[in-house]
$ cat my_file.csv   # CSV, C-alpha atoms and all ligand atoms
chain,number,residue,atom,x,y,z
A,81,MET,CA,54.5,95.4,97.0
A,82,ASP,CA,56.1,97.7,94.5
A,83,LEU,CA,57.5,94.7,92.7
A,84,THR,CA,54.1,92.9,92.5
A,85,LEU,CA,52.4,96.1,91.4
A,86,GLY,CA,54.8,96.0,88.5
A,87,VAL,CA,52.8,93.1,87.0
A,88,TYR,CA,49.6,95.1,87.1
A,89,ALA,CA,51.3,98.2,85.7
A,90,PHE,CA,52.8,96.2,82.9
A,91,LYS,CA,49.4,94.7,82.0
A,92,GLY,CA,47.8,98.2,82.0
A,93,LEU,CA,50.5,99.3,79.5
A,94,ALA,CA,50.0,96.2,77.4
A,95,LEU,CA,46.2,96.5,77.3
A,96,ALA,CA,46.5,100.2,76.2
A,97,THR,CA,49.1,99.2,73.6
A,98,GLU,CA,46.9,96.5,72.2
A,99,LEU,CA,43.9,98.9,72.1
A,100,GLU,CA,46.2,101.5,70.5
A,101,VAL,CA,45.0,104.1,73.0
A,102,PHE,CA,48.1,106.3,72.7
A,103,THR,CA,48.0,106.2,68.9
A,104,GLU,CA,44.4,107.3,68.9
A,105,LEU,CA,45.2,110.2,71.2
A,106,ALA,CA,48.3,111.3,69.2
A,107,GLY,CA,48.9,115.0,68.5
A,108,GLY,CA,47.0,116.3,71.6
A,109,LYS,CA,43.6,114.7,71.0
A,110,GLY,CA,41.4,114.2,74.1
A,111,VAL,CA,38.8,111.6,75.0
A,112,THR,CA,36.2,111.5,77.8
A,113,LEU,CA,35.5,108.3,79.7
A,114,ASP,CA,32.1,107.5,78.1
A,115,ALA,CA,33.5,108.3,74.6
A,116,PHE,CA,36.4,106.0,75.3
A,117,ALA,CA,34.1,103.2,76.5
A,118,ARG,CA,31.9,103.5,73.5
A,119,ARG,CA,34.8,103.7,71.0
A,120,HIS,CA,36.2,100.4,72.3
A,121,GLY,CA,32.9,98.7,73.0
A,122,ILE,CA,33.6,98.1,76.7
A,123,HIS,CA,31.7,98.9,79.9
A,124,GLU,CA,32.5,102.2,81.7
A,125,ARG,CA,33.7,100.3,84.8
A,126,PRO,CA,36.7,98.6,83.1
A,127,ALA,CA,37.3,101.6,80.9
A,128,GLU,CA,37.6,103.8,84.1
A,129,LEU,CA,39.9,101.3,85.8
A,130,LEU,CA,42.2,101.2,82.8
A,131,LEU,CA,42.3,105.0,82.2
A,132,THR,CA,42.8,105.8,86.0
A,133,ALA,CA,45.7,103.3,86.1
A,134,LEU,CA,47.3,104.9,83.0
A,135,VAL,CA,46.9,108.4,84.6
A,136,SER,CA,48.4,107.2,87.8
A,137,LEU,CA,51.4,105.9,85.8
A,138,ASP,CA,51.9,109.2,84.0
A,139,LEU,CA,51.0,107.6,80.7
A,140,LEU,CA,47.9,109.7,80.4
A,141,VAL,CA,46.9,113.1,81.8
A,142,LEU,CA,43.3,113.8,82.9
A,143,ASP,CA,42.3,117.5,82.7
A,144,ASP,CA,39.6,119.3,84.8
A,145,GLU,CA,37.0,119.0,82.0
A,146,GLY,CA,37.3,115.2,82.1
A,147,PHE,CA,39.4,114.7,78.9
A,148,TYR,CA,42.2,112.1,78.9
A,149,ARG,CA,45.3,112.9,76.7
A,150,ASN,CA,48.7,111.5,76.1
A,151,SER,CA,51.5,112.4,78.5
A,152,ALA,CA,54.8,113.6,77.0
A,153,VAL,CA,56.4,110.1,77.4
A,154,SER,CA,53.5,108.3,75.7
A,155,GLU,CA,53.4,110.8,72.9
A,156,GLU,CA,57.1,110.2,72.2
A,157,PHE,CA,57.4,106.4,72.8
A,158,LEU,CA,53.9,104.8,72.5
A,159,VAL,CA,52.4,106.3,69.3
A,160,LYS,CA,52.6,103.9,66.4
A,161,GLY,CA,54.7,105.1,63.5
A,162,LYS,CA,56.9,107.4,65.7
A,163,PRO,CA,60.7,106.8,65.3
A,164,ARG,CA,61.1,105.7,69.0
A,165,TYR,CA,57.9,103.7,69.2
A,166,PHE,CA,58.4,101.2,72.1
A,167,GLY,CA,55.0,99.4,71.7
A,168,GLY,CA,56.6,96.6,69.7
A,169,TRP,CA,58.6,95.5,72.7
A,170,VAL,CA,55.6,95.8,75.0
A,171,THR,CA,53.7,93.5,72.6
A,172,LEU,CA,56.4,90.9,72.5
A,173,VAL,CA,56.7,90.8,76.3
A,174,ASP,CA,52.9,90.5,76.5
A,175,LYS,CA,52.2,87.9,73.8
A,176,HIS,CA,55.4,85.9,73.8
A,177,GLU,CA,57.1,86.2,77.2
A,178,TYR,CA,54.3,86.8,79.7
A,179,PRO,CA,52.6,83.4,79.0
A,180,ALA,CA,55.9,81.7,79.5
A,181,TYR,CA,56.3,83.2,83.0
A,182,ILE,CA,53.4,81.1,84.2
A,183,LYS,CA,55.6,78.0,83.5
A,184,MET,CA,58.9,79.6,84.6
A,185,LEU,CA,59.5,77.1,87.3
A,186,ASP,CA,59.8,74.5,84.5
A,187,SER,CA,62.6,76.6,83.0
A,188,LEU,CA,64.2,77.0,86.4
A,189,ARG,CA,64.1,73.3,87.3
A,190,GLY,CA,64.7,72.0,83.7
A,191,ASN,CA,67.3,74.6,82.6
A,192,HIS,CA,65.5,75.2,79.3
A,193,PRO,CA,63.5,78.0,77.6
A,194,THR,CA,59.7,77.9,77.7
A,195,THR,CA,58.7,80.6,75.2
A,196,TRP,CA,59.3,78.1,72.3
A,197,ASP,CA,59.1,74.4,71.6
A,198,VAL,CA,62.6,73.1,72.4
A,199,GLU,CA,61.8,69.6,71.3
A,200,ASN,CA,60.8,70.5,67.7
A,201,GLN,CA,62.4,73.9,67.0
A,202,LYS,CA,66.1,74.5,66.2
A,203,SER,CA,66.1,77.8,68.0
A,204,LEU,CA,63.9,80.7,69.1
A,205,PHE,CA,64.4,82.4,65.7
A,206,GLN,CA,62.1,80.4,63.4
A,207,PRO,CA,59.8,81.6,60.7
A,208,ASP,CA,57.2,79.0,61.5
A,209,ASP,CA,56.6,80.3,65.0
A,210,ARG,CA,53.7,82.6,64.3
A,211,VAL,CA,53.9,84.8,67.3
A,212,VAL,CA,57.7,85.2,67.0
A,213,LYS,CA,57.5,86.0,63.2
A,214,GLU,CA,54.7,88.5,63.8
A,215,HIS,CA,56.2,90.3,66.8
A,216,PHE,CA,59.9,89.5,67.4
A,217,TRP,CA,61.7,91.7,64.9
A,218,ASP,CA,59.2,94.6,65.3
A,219,ALA,CA,60.0,94.3,69.0
A,220,MET,CA,63.7,94.3,68.5
A,221,HIS,CA,63.4,97.4,66.3
A,222,SER,CA,61.3,99.0,69.0
A,223,LEU,CA,63.8,98.1,71.8
A,224,SER,CA,66.8,99.2,69.9
A,225,ALA,CA,65.8,102.4,68.1
A,226,TYR,CA,66.4,104.7,71.1
A,227,THR,CA,69.5,102.7,72.3
A,228,ALA,CA,71.0,102.9,68.8
A,229,GLY,CA,70.9,106.7,69.1
A,230,ARG,CA,72.8,106.5,72.4
A,231,LEU,CA,75.5,104.3,70.7
A,232,ALA,CA,75.8,106.7,67.8
A,233,GLU,CA,76.7,109.5,70.3
A,234,SER,CA,79.0,107.4,72.5
A,235,ILE,CA,81.9,106.6,70.3
A,236,ASP,CA,83.9,108.1,67.4
A,237,PHE,CA,82.6,106.7,64.2
A,238,SER,CA,84.8,108.9,61.9
A,239,GLY,CA,87.2,106.0,61.2
A,240,ILE,CA,84.5,103.5,60.5
A,241,LYS,CA,83.2,103.6,56.9
A,242,ARG,CA,81.6,100.1,56.6
A,243,LEU,CA,80.0,98.4,59.5
A,244,LEU,CA,78.6,94.8,59.6
A,245,ASP,CA,75.6,94.4,62.0
A,246,VAL,CA,75.8,90.7,62.9
A,247,GLY,CA,72.3,89.5,63.8
A,248,GLY,CA,71.1,93.0,62.8
A,249,GLY,CA,67.4,91.9,63.1
A,250,GLY,CA,65.1,94.9,62.6
A,251,ALA,CA,68.0,97.1,61.4
A,252,ALA,CA,67.4,99.7,64.2
A,253,TYR,CA,71.1,100.2,64.7
A,254,ASP,CA,71.8,100.5,60.9
A,255,ILE,CA,69.1,103.1,60.4
A,256,GLU,CA,70.0,105.2,63.5
A,257,LEU,CA,73.8,105.0,62.9
A,258,CYS,CA,73.4,105.9,59.2
A,259,ARG,CA,71.1,108.8,59.9
A,260,ARG,CA,73.6,110.3,62.4
A,261,HIS,CA,76.8,109.5,60.5
A,262,PRO,CA,76.3,110.4,56.8
A,263,HIS,CA,79.7,108.8,55.7
A,264,LEU,CA,78.7,105.4,57.1
A,265,LYS,CA,77.4,102.3,55.1
A,266,THR,CA,76.2,99.2,56.9
A,267,THR,CA,75.2,95.7,56.2
A,268,VAL,CA,72.6,93.8,58.1
A,269,PHE,CA,73.7,90.2,58.5
A,270,ASP,CA,71.0,87.8,59.6
A,271,LEU,CA,69.1,84.7,58.7
A,272,PRO,CA,67.6,84.8,55.2
A,273,PHE,CA,63.9,85.2,56.3
A,274,VAL,CA,64.8,87.9,58.7
A,275,CYS,CA,66.6,89.9,56.0
A,276,GLU,CA,63.5,89.7,53.9
A,277,LEU,CA,61.3,90.8,56.8
A,278,THR,CA,63.5,93.8,57.5
A,279,ARG,CA,64.2,95.0,53.9
A,280,PRO,CA,61.0,97.1,53.6
A,281,ARG,CA,61.8,98.9,56.9
A,282,VAL,CA,65.2,100.0,55.4
A,283,GLU,CA,63.5,101.1,52.2
A,284,ALA,CA,60.8,103.0,54.2
A,285,ALA,CA,63.6,104.8,56.0
A,286,GLY,CA,65.0,105.9,52.6
A,287,LEU,CA,68.4,104.3,53.3
A,288,ALA,CA,68.4,101.4,50.9
A,289,ASP,CA,71.5,103.0,49.1
A,290,ARG,CA,73.5,102.9,52.4
A,291,ILE,CA,72.2,99.8,54.2
A,292,ASP,CA,72.4,96.4,52.4
A,293,PHE,CA,71.8,92.8,53.4
A,294,ALA,CA,73.9,89.7,53.7
A,295,SER,CA,72.0,86.6,54.7
A,296,GLY,CA,73.7,83.7,56.4
A,297,ASP,CA,74.3,81.8,59.6
A,298,PHE,CA,77.0,82.9,62.1
A,299,PHE,CA,77.5,79.3,63.2
A,300,GLU,CA,78.6,78.2,59.8
A,301,VAL,CA,82.3,78.1,59.0
A,302,GLY,CA,83.2,81.3,57.3
A,303,GLY,CA,79.6,82.4,57.9
A,304,VAL,CA,80.4,86.0,59.0
A,305,PRO,CA,81.6,88.0,56.0
A,306,GLY,CA,84.8,90.0,56.0
A,307,GLY,CA,85.7,93.4,54.5
A,308,TYR,CA,84.3,95.6,57.2
A,309,ASP,CA,86.0,98.2,59.5
A,310,ALA,CA,83.7,97.3,62.4
A,311,ILE,CA,81.4,94.6,63.5
A,312,LEU,CA,78.4,95.2,65.8
A,313,LEU,CA,76.8,92.6,68.0
A,314,SER,CA,73.8,94.0,69.7
A,315,ASN,CA,71.9,91.7,72.0
A,316,ILE,CA,73.3,88.7,70.3
A,317,LEU,CA,75.7,87.0,72.7
A,318,HIS,CA,73.2,86.9,75.6
A,319,ASP,CA,71.0,84.7,73.4
A,320,TRP,CA,73.4,81.9,73.6
A,321,GLY,CA,75.2,79.6,76.1
A,322,ILE,CA,78.9,80.2,76.7
A,323,GLU,CA,80.1,77.7,74.1
A,324,ASP,CA,77.9,79.3,71.3
A,325,ALA,CA,78.6,82.8,72.4
A,326,ARG,CA,82.3,82.1,72.2
A,327,LYS,CA,81.9,80.7,68.7
A,328,ILE,CA,80.1,83.9,67.5
A,329,LEU,CA,82.8,86.0,69.1
A,330,ARG,CA,85.5,84.0,67.5
A,331,ALA,CA,83.8,84.2,64.0
A,332,CYS,CA,83.6,88.0,64.3
A,333,ALA,CA,87.2,88.2,65.5
A,334,GLU,CA,88.3,86.2,62.4
A,335,ALA,CA,86.2,88.3,60.0
A,336,LEU,CA,87.7,91.6,61.2
A,337,PRO,CA,90.8,93.0,59.4
A,338,SER,CA,93.8,94.3,61.4
A,339,GLY,CA,92.8,97.5,63.0
A,340,GLY,CA,89.1,96.5,62.9
A,341,VAL,CA,86.9,97.1,65.8
A,342,LEU,CA,84.3,94.9,67.5
A,343,LEU,CA,81.4,96.7,69.3
A,344,VAL,CA,79.1,94.7,71.6
A,345,THR,CA,76.0,96.5,72.9
A,346,GLU,CA,74.1,94.7,75.6
A,347,SER,CA,72.9,95.2,79.2
A,348,PHE,CA,76.2,94.2,80.9
A,349,VAL,CA,76.0,92.6,84.3
A,350,ASP,CA,78.6,94.1,86.6
A,351,ASP,CA,81.8,92.2,86.9
A,352,ASP,CA,81.0,91.5,90.6
A,353,LYS,CA,77.5,90.2,89.6
A,354,ARG,CA,75.7,92.4,92.1
A,355,GLY,CA,73.7,94.3,89.5
A,356,PRO,CA,72.6,96.5,87.9
A,357,ALA,CA,68.9,95.3,88.1
A,358,PRO,CA,67.9,96.0,84.5
A,359,ALA,CA,70.8,93.8,83.3
A,360,ALA,CA,70.3,91.1,85.9
A,361,LEU,CA,66.5,91.0,85.1
A,362,MET,CA,67.2,90.8,81.3
A,363,SER,CA,69.5,87.9,82.2
A,364,LEU,CA,66.7,86.2,84.2
A,365,ASN,CA,64.4,86.7,81.2
A,366,MET,CA,66.9,84.7,79.2
A,367,LEU,CA,65.8,81.7,81.3
A,368,VAL,CA,62.5,81.6,79.4
A,369,GLU,CA,63.8,82.7,76.0
A,370,THR,CA,67.2,81.0,75.5
A,371,TRP,CA,70.1,79.0,77.0
A,372,GLY,CA,72.0,82.3,77.3
A,373,ARG,CA,72.5,84.9,80.0
A,374,ASN,CA,73.7,88.5,80.2
A,375,TYR,CA,77.5,88.3,80.5
A,376,THR,CA,79.9,90.6,82.2
A,377,ALA,CA,82.5,92.8,80.3
A,378,ALA,CA,85.2,90.9,82.2
A,379,GLU,CA,83.9,87.6,80.6
A,380,TYR,CA,84.0,89.1,77.1
A,381,GLY,CA,87.5,90.6,77.7
A,382,GLU,CA,88.8,87.1,78.7
A,383,TRP,CA,87.3,85.4,75.6
A,384,ALA,CA,88.2,88.1,73.2
A,385,ALA,CA,91.9,88.1,74.3
A,386,GLU,CA,91.9,84.3,73.4
A,387,PHE,CA,90.7,85.1,69.9
A,388,GLY,CA,93.4,87.8,69.3
A,389,LEU,CA,91.3,90.9,70.1
A,390,LYS,CA,92.5,93.7,72.4
A,391,PRO,CA,89.7,94.7,74.8
A,392,GLU,CA,89.3,98.5,75.3
A,393,GLY,CA,86.5,98.4,77.9
A,394,VAL,CA,82.9,99.5,78.2
A,395,VAL,CA,81.7,103.0,77.3
A,396,PRO,CA,78.5,103.3,79.4
A,397,PHE,CA,75.3,104.9,78.2
A,398,GLU,CA,71.6,104.8,79.2
A,399,GLY,CA,69.6,102.9,76.7
A,400,GLN,CA,66.5,100.7,76.8
A,401,GLY,CA,68.1,97.6,75.2
A,402,ALA,CA,71.7,98.1,76.5
A,403,ASN,CA,73.6,100.0,79.2
A,404,GLY,CA,76.8,100.5,77.2
A,405,VAL,CA,79.1,99.4,74.4
A,406,TRP,CA,82.1,97.1,75.0
A,407,VAL,CA,84.8,97.8,72.5
A,408,ALA,CA,87.7,95.6,71.3
A,409,ARG,CA,90.2,96.0,68.5
A,410,LYS,CA,92.1,93.6,66.3
A,411,PRO,CA,95.8,94.6,66.5
B,1,LIG,C1,67.9,89.5,70.1
B,1,LIG,S1,67.9,89.7,68.3
B,1,LIG,C2,68.9,91.2,68.2
B,1,LIG,C3,68.6,92.0,67.0
B,1,LIG,C4,69.4,93.3,66.8
B,1,LIG,N1,70.8,93.1,66.8
B,1,LIG,C5,69.0,94.3,67.9
B,1,LIG,O1,69.7,94.4,68.9
B,1,LIG,O2,68.0,95.0,67.7
B,1,LIG,C6,69.0,88.4,67.8
B,1,LIG,C7,69.1,88.4,66.3
B,1,LIG,O3,70.0,87.3,65.9
B,1,LIG,C8,69.6,86.7,64.7
B,1,LIG,N2,70.1,85.3,64.6
B,1,LIG,C9,69.8,84.3,65.3
B,1,LIG,N3,70.4,83.2,64.9
B,1,LIG,C10,71.2,83.6,63.9
B,1,LIG,C11,72.2,82.9,63.1
B,1,LIG,N4,72.5,81.6,63.3
B,1,LIG,N5,72.9,83.6,62.2
B,1,LIG,C12,72.6,84.9,62.0
B,1,LIG,N6,71.7,85.6,62.7
B,1,LIG,C13,71.0,85.0,63.7
B,1,LIG,C14,68.1,86.7,64.9
B,1,LIG,O4,67.4,86.5,63.7
B,1,LIG,C15,67.8,88.1,65.5
B,1,LIG,O5,67.6,89.1,64.5

$ encode --input "my_file.csv" --output "structure tokens"
Amino acid sequence: MDLTLGVYAFKGLALATELEVFTELAGGKGVTLDAFARRHGIHERPAELLLTALVSLDLLVLDDEGFYRNSAVSEEFLVKGKPRYFGGWVTLVDKHEYPAYIKMLDSLRGNHPTTWDVENQKSLFQPDDRVVKEHFWDAMHSLSAYTAGRLAESIDFSGIKRLLDVGGGGAAYDIELCRRHPHLKTTVFDLPFVCELTRPRVEAAGLADRIDFASGDFFEVGGVPGGYDAILLSNILHDWGIEDARKILRACAEALPSGGVLLVTESFVDDDKRGPAPAALMSLNMLVETWGRNYTAAEYGEWAAEFGLKPEGVVPFEGQGANGVWVARKP
């Protein structure tokens, strides 16, 4: 029952995110049931059902005078414009993934994604897919902003002056790593239209002098640029089947100088494939999104060794978008 309630809980969160309930209540503001219903033009019955569910989930707090306010977790993660805003990810799951779950048996039986048109699109990452263009990179920023902070604390960045963020997307890692390590400069490497979508985010963060962009395609020969002390792959390899994931890993290995370091952040499935659940479920989610899956550190170790890298293992951390960083060095 807990697992099926998860669907109801998620939709409660998604509705509140779409109505911007937590943003309206930012900074300690309170609202009564009738004022909430009037503000959103809805009947009191559905308004009460939603607000009560949100209180039960500790996303809102109801005081004795009948005012609903944000809980601490909503104030930190669900108010638009805050650095750790998670609503972008909630919106992507709601608008892009949730409809695909209705057809998930097709994905299972046919071994293909269902969030996008596999007959007519080259990949999930297309500018002409309106929902993807509107929500995907906001969502990645949202998923990765907190996790990037955990990466910044997990390993020693003092020897890394220039980092290439391959498939850097919404630049969450670049922004968080540069904020925490003032000596660092990074480059977001991504498809041309993604670089253009993300540029204003970097400018708004006031980091345009330390984060630049290189647009390209990691599947093209020589596509991954050289000249960096470190390459980061965050939630990239799980987007692709084994053959493509190995191509990306090889391209990164070739682009690194001797002594260079490869960092892979992802939700790693345990080597014995018995868990952990967040990684196994993200892997299941790859069924509707891609032809990939969440791999194990042992798999990366095996492939990296073939491409001349020396695996150093996983440094675990607790993030939303990853459960650790797998490190390998080029001798
Ligand atoms: C799941 S997102 C990860 C974004 C970011 N690394 C993060 O963790 O927040 C995958 C990224 O890979 C990029 N990508 C997809 N195909 C690519 C290609 N052929 N060359 C370069 N980047 C690509 C996408 O545009 C997207 O930004």

$ closest_atom_pairs --input "my_file.csv" --of "chain A" --to "ligand LIG 1 (chain B)" --cutoff "9 Å" --atoms "all atoms listed in the file" --output "JSON lines"
{"residue": "A:Ser203", "atom": "CA", "partner": "B:LIG1", "partner_atom": "N3", "distance": 7.6}
{"residue": "A:Leu204", "atom": "CA", "partner": "B:LIG1", "partner_atom": "C9", "distance": 7.9}
{"residue": "A:Phe205", "atom": "CA", "partner": "B:LIG1", "partner_atom": "O4", "distance": 5.5}
{"residue": "A:Gln206", "atom": "CA", "partner": "B:LIG1", "partner_atom": "O4", "distance": 8.1}
{"residue": "A:Phe216", "atom": "CA", "partner": "B:LIG1", "partner_atom": "S1", "distance": 8.1}
{"residue": "A:Trp217", "atom": "CA", "partner": "B:LIG1", "partner_atom": "O5", "distance": 6.5}
{"residue": "A:Ala219", "atom": "CA", "partner": "B:LIG1", "partner_atom": "O2", "distance": 8.1}
{"residue": "A:Met220", "atom": "CA", "partner": "B:LIG1", "partner_atom": "O2", "distance": 4.4}
{"residue": "A:His221", "atom": "CA", "partner": "B:LIG1", "partner_atom": "O2", "distance": 5.4}
{"residue": "A:Ser222", "atom": "CA", "partner": "B:LIG1", "partner_atom": "O2", "distance": 7.9}
{"residue": "A:Leu223", "atom": "CA", "partner": "B:LIG1", "partner_atom": "O2", "distance": 6.6}
{"residue": "A:Ser224", "atom": "CA", "partner": "B:LIG1", "partner_atom": "O2", "distance": 4.9}
{"residue": "A:Ala225", "atom": "CA", "partner": "B:LIG1", "partner_atom": "O2", "distance": 7.7}
{"residue": "A:Thr227", "atom": "CA", "partner": "B:LIG1", "partner_atom": "O1", "distance": 9.0}
{"residue": "A:Ala228", "atom": "CA", "partner": "B:LIG1", "partner_atom": "O2", "distance": 8.5}
{"residue": "A:Asp245", "atom": "CA", "partner": "B:LIG1", "partner_atom": "N1", "distance": 6.9}
{"residue": "A:Val246", "atom": "CA", "partner": "B:LIG1", "partner_atom": "N6", "distance": 6.5}
{"residue": "A:Gly247", "atom": "CA", "partner": "B:LIG1", "partner_atom": "O3", "distance": 3.8}
{"residue": "A:Gly248", "atom": "CA", "partner": "B:LIG1", "partner_atom": "N1", "distance": 4.0}
{"residue": "A:Gly249", "atom": "CA", "partner": "B:LIG1", "partner_atom": "O5", "distance": 3.1}
{"residue": "A:Gly250", "atom": "CA", "partner": "B:LIG1", "partner_atom": "O2", "distance": 5.9}
{"residue": "A:Ala251", "atom": "CA", "partner": "B:LIG1", "partner_atom": "O2", "distance": 6.6}
{"residue": "A:Ala252", "atom": "CA", "partner": "B:LIG1", "partner_atom": "O2", "distance": 5.9}
{"residue": "A:Tyr253", "atom": "CA", "partner": "B:LIG1", "partner_atom": "O2", "distance": 6.8}
{"residue": "A:Val268", "atom": "CA", "partner": "B:LIG1", "partner_atom": "N1", "distance": 8.9}
{"residue": "A:Phe269", "atom": "CA", "partner": "B:LIG1", "partner_atom": "C12", "distance": 6.4}
{"residue": "A:Asp270", "atom": "CA", "partner": "B:LIG1", "partner_atom": "N6", "distance": 3.9}
{"residue": "A:Leu271", "atom": "CA", "partner": "B:LIG1", "partner_atom": "C12", "distance": 4.8}
{"residue": "A:Pro272", "atom": "CA", "partner": "B:LIG1", "partner_atom": "C12", "distance": 8.4}
{"residue": "A:Phe273", "atom": "CA", "partner": "B:LIG1", "partner_atom": "O4", "distance": 8.3}
{"residue": "A:Val274", "atom": "CA", "partner": "B:LIG1", "partner_atom": "O4", "distance": 5.8}
{"residue": "A:Cys275", "atom": "CA", "partner": "B:LIG1", "partner_atom": "O4", "distance": 8.5}
{"residue": "A:Ser295", "atom": "CA", "partner": "B:LIG1", "partner_atom": "C12", "distance": 7.5}
{"residue": "A:Gly296", "atom": "CA", "partner": "B:LIG1", "partner_atom": "C12", "distance": 5.8}
{"residue": "A:Asp297", "atom": "CA", "partner": "B:LIG1", "partner_atom": "N5", "distance": 3.5}
{"residue": "A:Phe298", "atom": "CA", "partner": "B:LIG1", "partner_atom": "N5", "distance": 4.2}
{"residue": "A:Phe299", "atom": "CA", "partner": "B:LIG1", "partner_atom": "N4", "distance": 5.5}
{"residue": "A:Glu300", "atom": "CA", "partner": "B:LIG1", "partner_atom": "N4", "distance": 7.8}
{"residue": "A:Gly303", "atom": "CA", "partner": "B:LIG1", "partner_atom": "N5", "distance": 8.1}
{"residue": "A:Val304", "atom": "CA", "partner": "B:LIG1", "partner_atom": "C12", "distance": 8.4}
{"residue": "A:Leu312", "atom": "CA", "partner": "B:LIG1", "partner_atom": "N1", "distance": 7.9}
{"residue": "A:Leu313", "atom": "CA", "partner": "B:LIG1", "partner_atom": "N1", "distance": 6.1}
{"residue": "A:Ser314", "atom": "CA", "partner": "B:LIG1", "partner_atom": "O1", "distance": 4.2}
{"residue": "A:Asn315", "atom": "CA", "partner": "B:LIG1", "partner_atom": "O1", "distance": 4.7}
{"residue": "A:Ile316", "atom": "CA", "partner": "B:LIG1", "partner_atom": "C6", "distance": 5.0}
{"residue": "A:Leu317", "atom": "CA", "partner": "B:LIG1", "partner_atom": "C6", "distance": 8.4}
{"residue": "A:His318", "atom": "CA", "partner": "B:LIG1", "partner_atom": "C1", "distance": 8.1}
{"residue": "A:Asp319", "atom": "CA", "partner": "B:LIG1", "partner_atom": "C1", "distance": 6.6}
{"residue": "A:Ile328", "atom": "CA", "partner": "B:LIG1", "partner_atom": "N5", "distance": 8.9}
{"residue": "A:Thr345", "atom": "CA", "partner": "B:LIG1", "partner_atom": "O1", "distance": 7.8}
{"residue": "A:Glu346", "atom": "CA", "partner": "B:LIG1", "partner_atom": "O1", "distance": 8.0}
{"residue": "A:Gly401", "atom": "CA", "partner": "B:LIG1", "partner_atom": "O1", "distance": 7.2}
{"residue": "A:Ala402", "atom": "CA", "partner": "B:LIG1", "partner_atom": "O1", "distance": 8.7}

$ atom_distance --input "my_file.csv" --atom1 "CA of Ala232 in chain A" --atom2 "CA of Val405 in chain A"
10.4 Å

$ residues_around --input "my_file.csv" --residues "Glu156 in chain A" --least-positions-apart "3" --cutoff "12 Å" --atoms "all atoms listed in the file" --output "PDB file with C-alpha atoms, keeping the file's coordinate frame"
ATOM      1  CA  PHE A 102      48.100 106.300  72.700  1.00  0.00           C
ATOM      2  CA  THR A 103      48.000 106.200  68.900  1.00  0.00           C
ATOM      3  CA  LEU A 105      45.200 110.200  71.200  1.00  0.00           C
ATOM      4  CA  ALA A 106      48.300 111.300  69.200  1.00  0.00           C
ATOM      5  CA  GLY A 107      48.900 115.000  68.500  1.00  0.00           C
ATOM      6  CA  GLY A 108      47.000 116.300  71.600  1.00  0.00           C
ATOM      7  CA  LEU A 139      51.000 107.600  80.700  1.00  0.00           C
ATOM      8  CA  ASN A 150      48.700 111.500  76.100  1.00  0.00           C
ATOM      9  CA  SER A 151      51.500 112.400  78.500  1.00  0.00           C
ATOM     10  CA  ALA A 152      54.800 113.600  77.000  1.00  0.00           C
ATOM     11  CA  VAL A 153      56.400 110.100  77.400  1.00  0.00           C
ATOM     12  CA  VAL A 159      52.400 106.300  69.300  1.00  0.00           C
ATOM     13  CA  LYS A 160      52.600 103.900  66.400  1.00  0.00           C
ATOM     14  CA  GLY A 161      54.700 105.100  63.500  1.00  0.00           C
ATOM     15  CA  LYS A 162      56.900 107.400  65.700  1.00  0.00           C
ATOM     16  CA  PRO A 163      60.700 106.800  65.300  1.00  0.00           C
ATOM     17  CA  ARG A 164      61.100 105.700  69.000  1.00  0.00           C
ATOM     18  CA  TYR A 165      57.900 103.700  69.200  1.00  0.00           C
ATOM     19  CA  PHE A 166      58.400 101.200  72.100  1.00  0.00           C
ATOM     20  CA  GLY A 167      55.000  99.400  71.700  1.00  0.00           C
ATOM     21  CA  TYR A 226      66.400 104.700  71.100  1.00  0.00           C
TER      22      TYR A 226
END

$ residues_around --input "my_file.csv" --residues "range 372-379 of chain A" --least-positions-apart "4" --cutoff "6 Å" --atoms "all atoms listed in the file" --output "JSON, numbers by chain"
{"A": [318, 319, 320, 321, 348, 349, 350, 351, 363, 366]}

$ atom_distance --input "my_file.csv" --atom1 "CA of Trp196 in chain A" --atom2 "CA of Thr171 in chain A"
16.4 Å

$ closest_residue --input "my_file.csv" --among "A:Asp209, A:Asp292, A:Asp309, A:Asp114" --to "Pro280 in chain A" --atoms "all atoms listed in the file"
A:Asp292

$ closest_residue --input "my_file.csv" --among "A:Leu137, A:Trp383, A:His192, A:Leu113" --to "Leu85 in chain A" --atoms "only C-alpha atoms"
A:Leu137

$ decode --input "my_file.csv" --residues "range 147-152 of chain A" --atoms "N, CA and C atoms" --output "PDB file, in the first residue's frame"
ATOM      1  N   PHE A 147      -4.218  28.552   9.526  1.00  0.00           N
ATOM      2  CA  PHE A 147      -3.328  29.036   8.457  1.00  0.00           C
ATOM      3  C   PHE A 147      -2.367  27.918   8.006  1.00  0.00           C
ATOM      4  N   TYR A 148      -2.259  27.776   6.684  1.00  0.00           N
ATOM      5  CA  TYR A 148      -1.296  26.822   6.107  1.00  0.00           C
ATOM      6  C   TYR A 148      -0.022  27.581   5.758  1.00  0.00           C
ATOM      7  N   ARG A 149       1.129  27.006   6.134  1.00  0.00           N
ATOM      8  CA  ARG A 149       2.433  27.635   5.821  1.00  0.00           C
ATOM      9  C   ARG A 149       3.397  26.563   5.306  1.00  0.00           C
ATOM     10  N   ASN A 150       4.465  27.014   4.654  1.00  0.00           N
ATOM     11  CA  ASN A 150       5.491  26.068   4.198  1.00  0.00           C
ATOM     12  C   ASN A 150       6.161  25.388   5.378  1.00  0.00           C
ATOM     13  N   SER A 151       6.487  24.109   5.219  1.00  0.00           N
ATOM     14  CA  SER A 151       7.373  23.444   6.179  1.00  0.00           C
ATOM     15  C   SER A 151       8.808  23.842   5.811  1.00  0.00           C
ATOM     16  N   ALA A 152       9.751  23.442   6.658  1.00  0.00           N
ATOM     17  CA  ALA A 152      11.158  23.829   6.402  1.00  0.00           C
ATOM     18  C   ALA A 152      11.646  23.231   5.071  1.00  0.00           C
TER      19      ALA A 152
END
